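The structure appears below as structure tokens.
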Amino acid sequence: MKLYPAIDLRGGQAVRLYQGDYDQMTVYNADPVAQAHAFIEAGAKYLHVVDLDGAKDDSTANLETIAAIARQGGLKIEVGGGIRDEARIRRYLDLGVDRCILGTIAVKDFAFTERMARTYGARIAVGVDMKDGLVAVNGWKEVTPEPGVAFCRRCAAAGVKAIIATDISRDGTMQGTNLDLYRELLAIPGIEVTASGGIARMGELAELQAMGCHAAILGKSIYTGAIDLAEAVRRYQD
């Protein structure tokens with residue numbers, strides 16, 4: 001299983017939100033490049049980056065920070081947040097980012113997402129964020145009527161290769177991830193599933209690995225020390 005420590009960017013700093021609430025934000029490191037280097041030292045091979053400003057405001061305020069992380073090397077980076085056209089996909093890939101995550105646009109313009117999946121293959125993932133089981137967009141501020149699992153099935157049928165699924169109610173809460181959700185998603189053929197949101201203990205990583213999850217994203221648990229990243233990498237990382 002791939003392990004992706006997470007850096008969420010807001011105003012050029014590494015932060016975490018509680019249940020996606022921009023008003024409940026904690027700054028964990030004012031230097032995201034140094035934070036990425038610390039992950040490398042812990043043995044990480046992968047990095048999950050979310051531009052929270054981009055997700056909320058459709059800006060590229062954190063582009064240079066992401067470029068600096070990519071220039072550092074040592075990590076395969078996936079980036080999401082505000083990626084809503086092909087020009088921004090190309091811009092990130094040209095910086096050395098390994099994969100771009102489509103969120104809001106995947107819902108708002110499904111035909112575009114299908115084209116990008118065909119064009120870029122495994123370098124495109126769809127981030128499916130769910131609130132009470134329904135897909136949420138625009139920085140988690142808007143909840144759509146479509147069930148998240150049904151949307152994941154639609155993505156798989158359209159040729160999307162990877163889904164990053166988040167239960168917003170668990171994100172940043174340290175209350176444990178939604179294992180039942182991932183069991184349901186793993187029954188969908190043709191997609192790799194990444195678990196995101198609320199992973200709080202090593203035992204959950206063991207369960208996710210046993211059920212065949214492709215990857216897991218670790219956020220608040222590694223910043224607070226609830227999970228030791230180096231130990232998690234040693235036990236569970238491919």
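By convention here, the chains of the structure tokens are called A, B, ... in the order presented, each chain's residues are numbered starting at 1, and ligands are numbered starting at 1 in the order presented.
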Can you check which parts of segment 121-168 of chain A lie within 12 Å of segment 30-50 of chain A? Per residue, the shortest pair of atoms and distance in Å to one decimal, counting only C-alpha atoms, sorted by chain and number, as a tab-separated table.
residue	atom	partner	partner_atom	distance
A:Ala125	CA	A:His48	CA	11.8
A:Gly127	CA	A:Val50	CA	10.7
A:Gly139	CA	A:Val50	CA	10.5
A:Ile164	CA	A:His48	CA	10.5
Residue selection dump (N, CA, C and O atoms) as a PDB file, in the first residue's frame:
ATOM      1  N   ALA A 125      -6.275  11.641 -11.182  1.00  0.00           N
ATOM      2  CA  ALA A 125      -7.127  10.990 -10.185  1.00  0.00           C
ATOM      3  C   ALA A 125      -8.324  11.895  -9.936  1.00  0.00           C
ATOM      4  O   ALA A 125      -8.267  13.104 -10.180  1.00  0.00           O
ATOM      5  N   GLY A 127     -10.751  13.223  -6.944  1.00  0.00           N
ATOM      6  CA  GLY A 127     -10.990  13.310  -5.511  1.00  0.00           C
ATOM      7  C   GLY A 127     -12.482  13.409  -5.252  1.00  0.00           C
ATOM      8  O   GLY A 127     -13.136  14.347  -5.704  1.00  0.00           O
ATOM      9  N   GLY A 139     -14.390  23.405  -2.328  1.00  0.00           N
ATOM     10  CA  GLY A 139     -13.797  23.469  -1.000  1.00  0.00           C
ATOM     11  C   GLY A 139     -14.707  22.921   0.076  1.00  0.00           C
ATOM     12  O   GLY A 139     -14.642  23.354   1.230  1.00  0.00           O
ATOM     13  N   ILE A 164      -9.665   9.120  -5.012  1.00  0.00           N
ATOM     14  CA  ILE A 164      -9.234   9.480  -3.660  1.00  0.00           C
ATOM     15  C   ILE A 164     -10.493   9.882  -2.907  1.00  0.00           C
ATOM     16  O   ILE A 164     -11.091  10.928  -3.182  1.00  0.00           O
TER      17      ILE A 164
END
For the strand (DSSP E) assignment from backbone DSSP, which residues of chain A qualify? Please present them as a PDB file with N, CA and C atoms, in the first residue's frame.
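selection_4.pdb, freshly written:
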ATOM      1  N   LYS A   2       0.534   2.213  -0.801  1.00  0.00           N
ATOM      2  CA  LYS A   2       1.272   3.473  -0.822  1.00  0.00           C
ATOM      3  C   LYS A   2       0.789   4.367   0.323  1.00  0.00           C
ATOM      4  N   LEU A   3       1.712   5.039   0.969  1.00  0.00           N
ATOM      5  CA  LEU A   3       1.374   5.972   2.038  1.00  0.00           C
ATOM      6  C   LEU A   3       1.720   7.383   1.597  1.00  0.00           C
ATOM      7  N   TYR A   4       0.721   8.249   1.669  1.00  0.00           N
ATOM      8  CA  TYR A   4       0.887   9.643   1.265  1.00  0.00           C
ATOM      9  C   TYR A   4       0.747  10.553   2.484  1.00  0.00           C
ATOM     10  N   PRO A   5       1.853  10.981   3.097  1.00  0.00           N
ATOM     11  CA  PRO A   5       1.703  12.066   4.063  1.00  0.00           C
ATOM     12  C   PRO A   5       1.170  13.296   3.339  1.00  0.00           C
ATOM     13  N   ALA A   6       0.398  14.097   4.065  1.00  0.00           N
ATOM     14  CA  ALA A   6      -0.325  15.198   3.415  1.00  0.00           C
ATOM     15  C   ALA A   6       0.208  16.552   3.846  1.00  0.00           C
ATOM     16  N   ILE A   7       0.298  17.444   2.871  1.00  0.00           N
ATOM     17  CA  ILE A   7       0.535  18.856   3.140  1.00  0.00           C
ATOM     18  C   ILE A   7      -0.617  19.637   2.524  1.00  0.00           C
ATOM     19  N   ASP A   8      -1.425  20.249   3.378  1.00  0.00           N
ATOM     20  CA  ASP A   8      -2.489  21.138   2.914  1.00  0.00           C
ATOM     21  C   ASP A   8      -1.962  22.562   2.992  1.00  0.00           C
ATOM     22  N   LEU A   9      -2.044  23.284   1.898  1.00  0.00           N
ATOM     23  CA  LEU A   9      -1.449  24.617   1.805  1.00  0.00           C
ATOM     24  C   LEU A   9      -2.515  25.705   1.895  1.00  0.00           C
ATOM     25  N   ARG A  10      -2.252  26.654   2.756  1.00  0.00           N
ATOM     26  CA  ARG A  10      -3.066  27.872   2.780  1.00  0.00           C
ATOM     27  C   ARG A  10      -2.139  29.030   3.116  1.00  0.00           C
ATOM     28  N   GLN A  13       1.546  28.118   3.863  1.00  0.00           N
ATOM     29  CA  GLN A  13       1.881  27.359   5.063  1.00  0.00           C
ATOM     30  C   GLN A  13       1.223  25.983   5.037  1.00  0.00           C
ATOM     31  N   ALA A  14       1.811  25.044   5.757  1.00  0.00           N
ATOM     32  CA  ALA A  14       1.241  23.709   5.895  1.00  0.00           C
ATOM     33  C   ALA A  14       0.248  23.725   7.057  1.00  0.00           C
ATOM     34  N   VAL A  15      -1.017  23.451   6.753  1.00  0.00           N
ATOM     35  CA  VAL A  15      -2.083  23.564   7.752  1.00  0.00           C
ATOM     36  C   VAL A  15      -2.951  22.304   7.735  1.00  0.00           C
ATOM     37  N   ARG A  16      -3.824  22.188   8.699  1.00  0.00           N
ATOM     38  CA  ARG A  16      -4.876  21.175   8.688  1.00  0.00           C
ATOM     39  C   ARG A  16      -6.186  21.858   9.049  1.00  0.00           C
ATOM     40  N   LEU A  17      -7.249  21.399   8.404  1.00  0.00           N
ATOM     41  CA  LEU A  17      -8.587  21.867   8.734  1.00  0.00           C
ATOM     42  C   LEU A  17      -9.315  20.782   9.530  1.00  0.00           C
ATOM     43  N   TYR A  18     -10.316  21.193  10.299  1.00  0.00           N
ATOM     44  CA  TYR A  18     -11.184  20.264  11.005  1.00  0.00           C
ATOM     45  C   TYR A  18     -12.468  20.122  10.219  1.00  0.00           C
ATOM     46  N   ASP A  21     -13.414  22.703   7.573  1.00  0.00           N
ATOM     47  CA  ASP A  21     -13.861  24.038   7.957  1.00  0.00           C
ATOM     48  C   ASP A  21     -12.670  24.992   7.926  1.00  0.00           C
ATOM     49  N   TYR A  22     -12.715  25.961   7.013  1.00  0.00           N
ATOM     50  CA  TYR A  22     -11.627  26.922   6.881  1.00  0.00           C
ATOM     51  C   TYR A  22     -11.479  27.803   8.119  1.00  0.00           C
ATOM     52  N   ASP A  23     -12.501  27.893   8.941  1.00  0.00           N
ATOM     53  CA  ASP A  23     -12.430  28.682  10.160  1.00  0.00           C
ATOM     54  C   ASP A  23     -11.856  27.888  11.330  1.00  0.00           C
ATOM     55  N   GLN A  24     -11.636  26.575  11.118  1.00  0.00           N
ATOM     56  CA  GLN A  24     -11.029  25.744  12.153  1.00  0.00           C
ATOM     57  C   GLN A  24      -9.721  25.171  11.603  1.00  0.00           C
ATOM     58  N   MET A  25      -8.732  26.052  11.501  1.00  0.00           N
ATOM     59  CA  MET A  25      -7.465  25.732  10.852  1.00  0.00           C
ATOM     60  C   MET A  25      -6.326  25.801  11.864  1.00  0.00           C
ATOM     61  N   THR A  26      -5.435  24.813  11.765  1.00  0.00           N
ATOM     62  CA  THR A  26      -4.222  24.800  12.582  1.00  0.00           C
ATOM     63  C   THR A  26      -3.016  24.841  11.657  1.00  0.00           C
ATOM     64  N   VAL A  27      -2.085  25.750  11.914  1.00  0.00           N
ATOM     65  CA  VAL A  27      -0.835  25.803  11.159  1.00  0.00           C
ATOM     66  C   VAL A  27       0.162  24.854  11.819  1.00  0.00           C
ATOM     67  N   TYR A  28       0.668  23.893  11.035  1.00  0.00           N
ATOM     68  CA  TYR A  28       1.631  22.936  11.574  1.00  0.00           C
ATOM     69  C   TYR A  28       3.061  23.241  11.155  1.00  0.00           C
ATOM     70  N   ASN A  29       3.255  23.902  10.040  1.00  0.00           N
ATOM     71  CA  ASN A  29       4.602  24.263   9.637  1.00  0.00           C
ATOM     72  C   ASN A  29       4.520  25.442   8.673  1.00  0.00           C
ATOM     73  N   TYR A  46       6.006   9.186  -1.256  1.00  0.00           N
ATOM     74  CA  TYR A  46       4.878   9.842  -1.911  1.00  0.00           C
ATOM     75  C   TYR A  46       4.436  11.033  -1.069  1.00  0.00           C
ATOM     76  N   LEU A  47       3.766  11.985  -1.717  1.00  0.00           N
ATOM     77  CA  LEU A  47       3.272  13.173  -1.023  1.00  0.00           C
ATOM     78  C   LEU A  47       1.951  13.611  -1.634  1.00  0.00           C
ATOM     79  N   HIS A  48       1.004  13.901  -0.763  1.00  0.00           N
ATOM     80  CA  HIS A  48      -0.310  14.404  -1.165  1.00  0.00           C
ATOM     81  C   HIS A  48      -0.372  15.880  -0.798  1.00  0.00           C
ATOM     82  N   VAL A  49      -0.567  16.741  -1.789  1.00  0.00           N
ATOM     83  CA  VAL A  49      -0.618  18.182  -1.565  1.00  0.00           C
ATOM     84  C   VAL A  49      -1.985  18.705  -2.003  1.00  0.00           C
ATOM     85  N   VAL A  50      -2.601  19.494  -1.147  1.00  0.00           N
ATOM     86  CA  VAL A  50      -3.867  20.148  -1.489  1.00  0.00           C
ATOM     87  C   VAL A  50      -3.690  21.656  -1.356  1.00  0.00           C
ATOM     88  N   ASP A  51      -3.995  22.364  -2.414  1.00  0.00           N
ATOM     89  CA  ASP A  51      -3.997  23.823  -2.396  1.00  0.00           C
ATOM     90  C   ASP A  51      -5.372  24.281  -1.918  1.00  0.00           C
ATOM     91  N   LYS A  76       7.153  11.314  -5.051  1.00  0.00           N
ATOM     92  CA  LYS A  76       6.158  11.366  -6.108  1.00  0.00           C
ATOM     93  C   LYS A  76       4.962  12.135  -5.552  1.00  0.00           C
ATOM     94  N   ILE A  77       4.655  13.242  -6.200  1.00  0.00           N
ATOM     95  CA  ILE A  77       3.686  14.189  -5.649  1.00  0.00           C
ATOM     96  C   ILE A  77       2.379  14.144  -6.436  1.00  0.00           C
ATOM     97  N   GLU A  78       1.276  14.079  -5.682  1.00  0.00           N
ATOM     98  CA  GLU A  78      -0.038  14.308  -6.284  1.00  0.00           C
ATOM     99  C   GLU A  78      -0.587  15.608  -5.716  1.00  0.00           C
ATOM    100  N   VAL A  79      -1.225  16.395  -6.586  1.00  0.00           N
ATOM    101  CA  VAL A  79      -1.695  17.723  -6.202  1.00  0.00           C
ATOM    102  C   VAL A  79      -3.167  17.885  -6.558  1.00  0.00           C
ATOM    103  N   GLY A  80      -3.916  18.442  -5.633  1.00  0.00           N
ATOM    104  CA  GLY A  80      -5.309  18.788  -5.889  1.00  0.00           C
ATOM    105  C   GLY A  80      -5.624  20.157  -5.326  1.00  0.00           C
ATOM    106  N   ARG A  99       0.951  13.445 -10.394  1.00  0.00           N
ATOM    107  CA  ARG A  99      -0.469  13.215 -10.668  1.00  0.00           C
ATOM    108  C   ARG A  99      -1.290  14.408 -10.213  1.00  0.00           C
ATOM    109  N   CYS A 100      -2.302  14.738 -10.994  1.00  0.00           N
ATOM    110  CA  CYS A 100      -3.228  15.822 -10.663  1.00  0.00           C
ATOM    111  C   CYS A 100      -4.569  15.244 -10.245  1.00  0.00           C
ATOM    112  N   ILE A 101      -5.155  15.875  -9.244  1.00  0.00           N
ATOM    113  CA  ILE A 101      -6.430  15.419  -8.691  1.00  0.00           C
ATOM    114  C   ILE A 101      -7.529  16.395  -9.100  1.00  0.00           C
ATOM    115  N   LEU A 102      -8.542  15.877  -9.760  1.00  0.00           N
ATOM    116  CA  LEU A 102      -9.694  16.685 -10.142  1.00  0.00           C
ATOM    117  C   LEU A 102     -10.792  16.504  -9.109  1.00  0.00           C
ATOM    118  N   ILE A 124      -4.035  11.219 -13.813  1.00  0.00           N
ATOM    119  CA  ILE A 124      -5.236  11.912 -13.345  1.00  0.00           C
ATOM    120  C   ILE A 124      -5.927  11.036 -12.307  1.00  0.00           C
ATOM    121  N   ALA A 125      -6.275  11.641 -11.182  1.00  0.00           N
ATOM    122  CA  ALA A 125      -7.127  10.990 -10.185  1.00  0.00           C
ATOM    123  C   ALA A 125      -8.324  11.895  -9.936  1.00  0.00           C
ATOM    124  N   VAL A 126      -9.399  11.311  -9.452  1.00  0.00           N
ATOM    125  CA  VAL A 126     -10.564  12.101  -9.069  1.00  0.00           C
ATOM    126  C   VAL A 126     -10.704  12.043  -7.554  1.00  0.00           C
ATOM    127  N   GLY A 127     -10.751  13.223  -6.944  1.00  0.00           N
ATOM    128  CA  GLY A 127     -10.990  13.310  -5.511  1.00  0.00           C
ATOM    129  C   GLY A 127     -12.482  13.409  -5.252  1.00  0.00           C
ATOM    130  N   VAL A 128     -13.005  12.418  -4.553  1.00  0.00           N
ATOM    131  CA  VAL A 128     -14.438  12.375  -4.260  1.00  0.00           C
ATOM    132  C   VAL A 128     -14.612  12.623  -2.764  1.00  0.00           C
ATOM    133  N   ASP A 129     -15.067  13.816  -2.443  1.00  0.00           N
ATOM    134  CA  ASP A 129     -15.261  14.216  -1.053  1.00  0.00           C
ATOM    135  C   ASP A 129     -16.738  14.097  -0.715  1.00  0.00           C
ATOM    136  N   MET A 130     -17.026  13.412   0.394  1.00  0.00           N
ATOM    137  CA  MET A 130     -18.415  13.079   0.708  1.00  0.00           C
ATOM    138  C   MET A 130     -18.834  13.635   2.063  1.00  0.00           C
ATOM    139  N   LYS A 131     -19.999  14.250   2.053  1.00  0.00           N
ATOM    140  CA  LYS A 131     -20.597  14.758   3.285  1.00  0.00           C
ATOM    141  C   LYS A 131     -21.955  14.089   3.453  1.00  0.00           C
ATOM    142  N   LEU A 134     -22.972  12.201   0.379  1.00  0.00           N
ATOM    143  CA  LEU A 134     -23.177  12.925  -0.876  1.00  0.00           C
ATOM    144  C   LEU A 134     -21.901  13.656  -1.277  1.00  0.00           C
ATOM    145  N   VAL A 135     -21.702  13.824  -2.582  1.00  0.00           N
ATOM    146  CA  VAL A 135     -20.505  14.487  -3.089  1.00  0.00           C
ATOM    147  C   VAL A 135     -20.545  15.972  -2.734  1.00  0.00           C
ATOM    148  N   ALA A 136     -19.412  16.469  -2.208  1.00  0.00           N
ATOM    149  CA  ALA A 136     -19.276  17.899  -1.876  1.00  0.00           C
ATOM    150  C   ALA A 136     -18.202  18.512  -2.755  1.00  0.00           C
ATOM    151  N   VAL A 137     -18.410  19.775  -3.141  1.00  0.00           N
ATOM    152  CA  VAL A 137     -17.493  20.465  -4.056  1.00  0.00           C
ATOM    153  C   VAL A 137     -17.207  21.875  -3.540  1.00  0.00           C
ATOM    154  N   GLU A 142     -20.186  23.215  -0.876  1.00  0.00           N
ATOM    155  CA  GLU A 142     -21.428  22.926  -1.598  1.00  0.00           C
ATOM    156  C   GLU A 142     -21.641  21.416  -1.671  1.00  0.00           C
ATOM    157  N   VAL A 143     -22.797  20.962  -1.228  1.00  0.00           N
ATOM    158  CA  VAL A 143     -23.119  19.531  -1.255  1.00  0.00           C
ATOM    159  C   VAL A 143     -24.080  19.268  -2.408  1.00  0.00           C
ATOM    160  N   THR A 144     -23.728  18.318  -3.255  1.00  0.00           N
ATOM    161  CA  THR A 144     -24.554  17.965  -4.410  1.00  0.00           C
ATOM    162  C   THR A 144     -25.555  16.875  -4.019  1.00  0.00           C
ATOM    163  N   PRO A 145     -26.530  16.598  -4.866  1.00  0.00           N
ATOM    164  CA  PRO A 145     -27.482  15.530  -4.543  1.00  0.00           C
ATOM    165  C   PRO A 145     -26.979  14.131  -4.895  1.00  0.00           C
ATOM    166  N   GLU A 146     -25.790  14.009  -5.509  1.00  0.00           N
ATOM    167  CA  GLU A 146     -25.348  12.698  -5.993  1.00  0.00           C
ATOM    168  C   GLU A 146     -24.610  11.919  -4.906  1.00  0.00           C
ATOM    169  N   PRO A 147     -25.010  10.677  -4.647  1.00  0.00           N
ATOM    170  CA  PRO A 147     -24.285   9.840  -3.687  1.00  0.00           C
ATOM    171  C   PRO A 147     -22.845   9.608  -4.142  1.00  0.00           C
ATOM    172  N   ALA A 162      -8.127   6.181 -10.871  1.00  0.00           N
ATOM    173  CA  ALA A 162      -7.851   6.327  -9.441  1.00  0.00           C
ATOM    174  C   ALA A 162      -8.857   7.244  -8.783  1.00  0.00           C
ATOM    175  N   ILE A 163      -9.334   6.827  -7.610  1.00  0.00           N
ATOM    176  CA  ILE A 163     -10.261   7.612  -6.800  1.00  0.00           C
ATOM    177  C   ILE A 163      -9.612   7.872  -5.444  1.00  0.00           C
ATOM    178  N   ILE A 164      -9.665   9.120  -5.012  1.00  0.00           N
ATOM    179  CA  ILE A 164      -9.234   9.480  -3.660  1.00  0.00           C
ATOM    180  C   ILE A 164     -10.493   9.882  -2.907  1.00  0.00           C
ATOM    181  N   ALA A 165     -10.918   9.028  -1.993  1.00  0.00           N
ATOM    182  CA  ALA A 165     -12.218   9.202  -1.358  1.00  0.00           C
ATOM    183  C   ALA A 165     -12.065   9.682   0.079  1.00  0.00           C
ATOM    184  N   THR A 166     -12.787  10.747   0.399  1.00  0.00           N
ATOM    185  CA  THR A 166     -12.726  11.351   1.731  1.00  0.00           C
ATOM    186  C   THR A 166     -14.121  11.461   2.323  1.00  0.00           C
ATOM    187  N   ASP A 167     -14.277  10.944   3.543  1.00  0.00           N
ATOM    188  CA  ASP A 167     -15.482  11.211   4.321  1.00  0.00           C
ATOM    189  C   ASP A 167     -15.191  12.465   5.136  1.00  0.00           C
ATOM    190  N   GLU A 192      -8.325   2.226  -8.676  1.00  0.00           N
ATOM    191  CA  GLU A 192      -7.508   2.147  -7.470  1.00  0.00           C
ATOM    192  C   GLU A 192      -8.092   3.125  -6.458  1.00  0.00           C
ATOM    193  N   VAL A 193      -8.265   2.661  -5.221  1.00  0.00           N
ATOM    194  CA  VAL A 193      -8.906   3.471  -4.189  1.00  0.00           C
ATOM    195  C   VAL A 193      -7.865   3.938  -3.171  1.00  0.00           C
ATOM    196  N   THR A 194      -7.853   5.246  -2.933  1.00  0.00           N
ATOM    197  CA  THR A 194      -7.038   5.835  -1.874  1.00  0.00           C
ATOM    198  C   THR A 194      -7.954   6.280  -0.751  1.00  0.00           C
ATOM    199  N   ALA A 195      -7.643   5.844   0.474  1.00  0.00           N
ATOM    200  CA  ALA A 195      -8.413   6.221   1.661  1.00  0.00           C
ATOM    201  C   ALA A 195      -7.865   7.520   2.226  1.00  0.00           C
ATOM    202  N   SER A 196      -8.767   8.441   2.530  1.00  0.00           N
ATOM    203  CA  SER A 196      -8.360   9.752   3.024  1.00  0.00           C
ATOM    204  C   SER A 196      -9.358  10.241   4.069  1.00  0.00           C
ATOM    205  N   ALA A 215      -3.888   2.928  -1.565  1.00  0.00           N
ATOM    206  CA  ALA A 215      -3.089   3.927  -0.866  1.00  0.00           C
ATOM    207  C   ALA A 215      -3.891   4.515   0.288  1.00  0.00           C
ATOM    208  N   ALA A 216      -3.164   5.157   1.196  1.00  0.00           N
ATOM    209  CA  ALA A 216      -3.790   5.852   2.314  1.00  0.00           C
ATOM    210  C   ALA A 216      -3.097   7.188   2.516  1.00  0.00           C
ATOM    211  N   ILE A 217      -3.882   8.210   2.842  1.00  0.00           N
ATOM    212  CA  ILE A 217      -3.356   9.548   3.089  1.00  0.00           C
ATOM    213  C   ILE A 217      -3.345   9.796   4.593  1.00  0.00           C
ATOM    214  N   LEU A 218      -2.212  10.267   5.085  1.00  0.00           N
ATOM    215  CA  LEU A 218      -2.048  10.531   6.511  1.00  0.00           C
ATOM    216  C   LEU A 218      -1.858  12.024   6.724  1.00  0.00           C
TER     217      LEU A 218
END
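Counting only C-alpha atoms and comparing A:Arg170, A:Ala158, A:Gln209, A:Ala187, the residue that lies closest to Ala117 of chain A is A:Ala158.
Restricting the calculation to only C-alpha atoms, the smallest distance between Arg90 of chain A and any of A:Val107, A:Leu75, A:Lys161, A:Met116 is found for A:Met116.
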As an exercise, work out the distance from atom CA of Tyr223 of chain A to atom CA of Asp132 of chain A in Å and give it to one decimal place. 26.2 Å
Check the DSSP output for the backbone and give back, as a PyMOL selection string, the residues of segment 155-227 of chain A in alpha helix (DSSP H). chain A and resi 155-157+179-185+202-211+220-224
Nearest to Arg71 of chain A among A:Ala230, A:Val97, A:Ala200, A:Ala150, with distances taken over only C-alpha atoms: which residue is it? A:Val97
Mind pulling up the distance from atom CA of Phe112 of chain A to atom CA of Asp58 of chain A?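 Rounded to one decimal, the two atoms are 16.9 Å apart.
Distance annotation: of A:Gly172, A:Gly133, A:Gly219, A:Gly54, the residue with the minimal separation from Thr104 of chain A is A:Gly54; atom set is only C-alpha atoms.
Here atom CA of Phe110 of chain A is placed at a distance of 11.2 Å from atom CA of Arg84 of chain A.
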For Ile66 of chain A, the nearest of the candidates A:Gly12, A:Gly148, A:Gly82, A:Gly197, counting only C-alpha atoms: A:Gly12
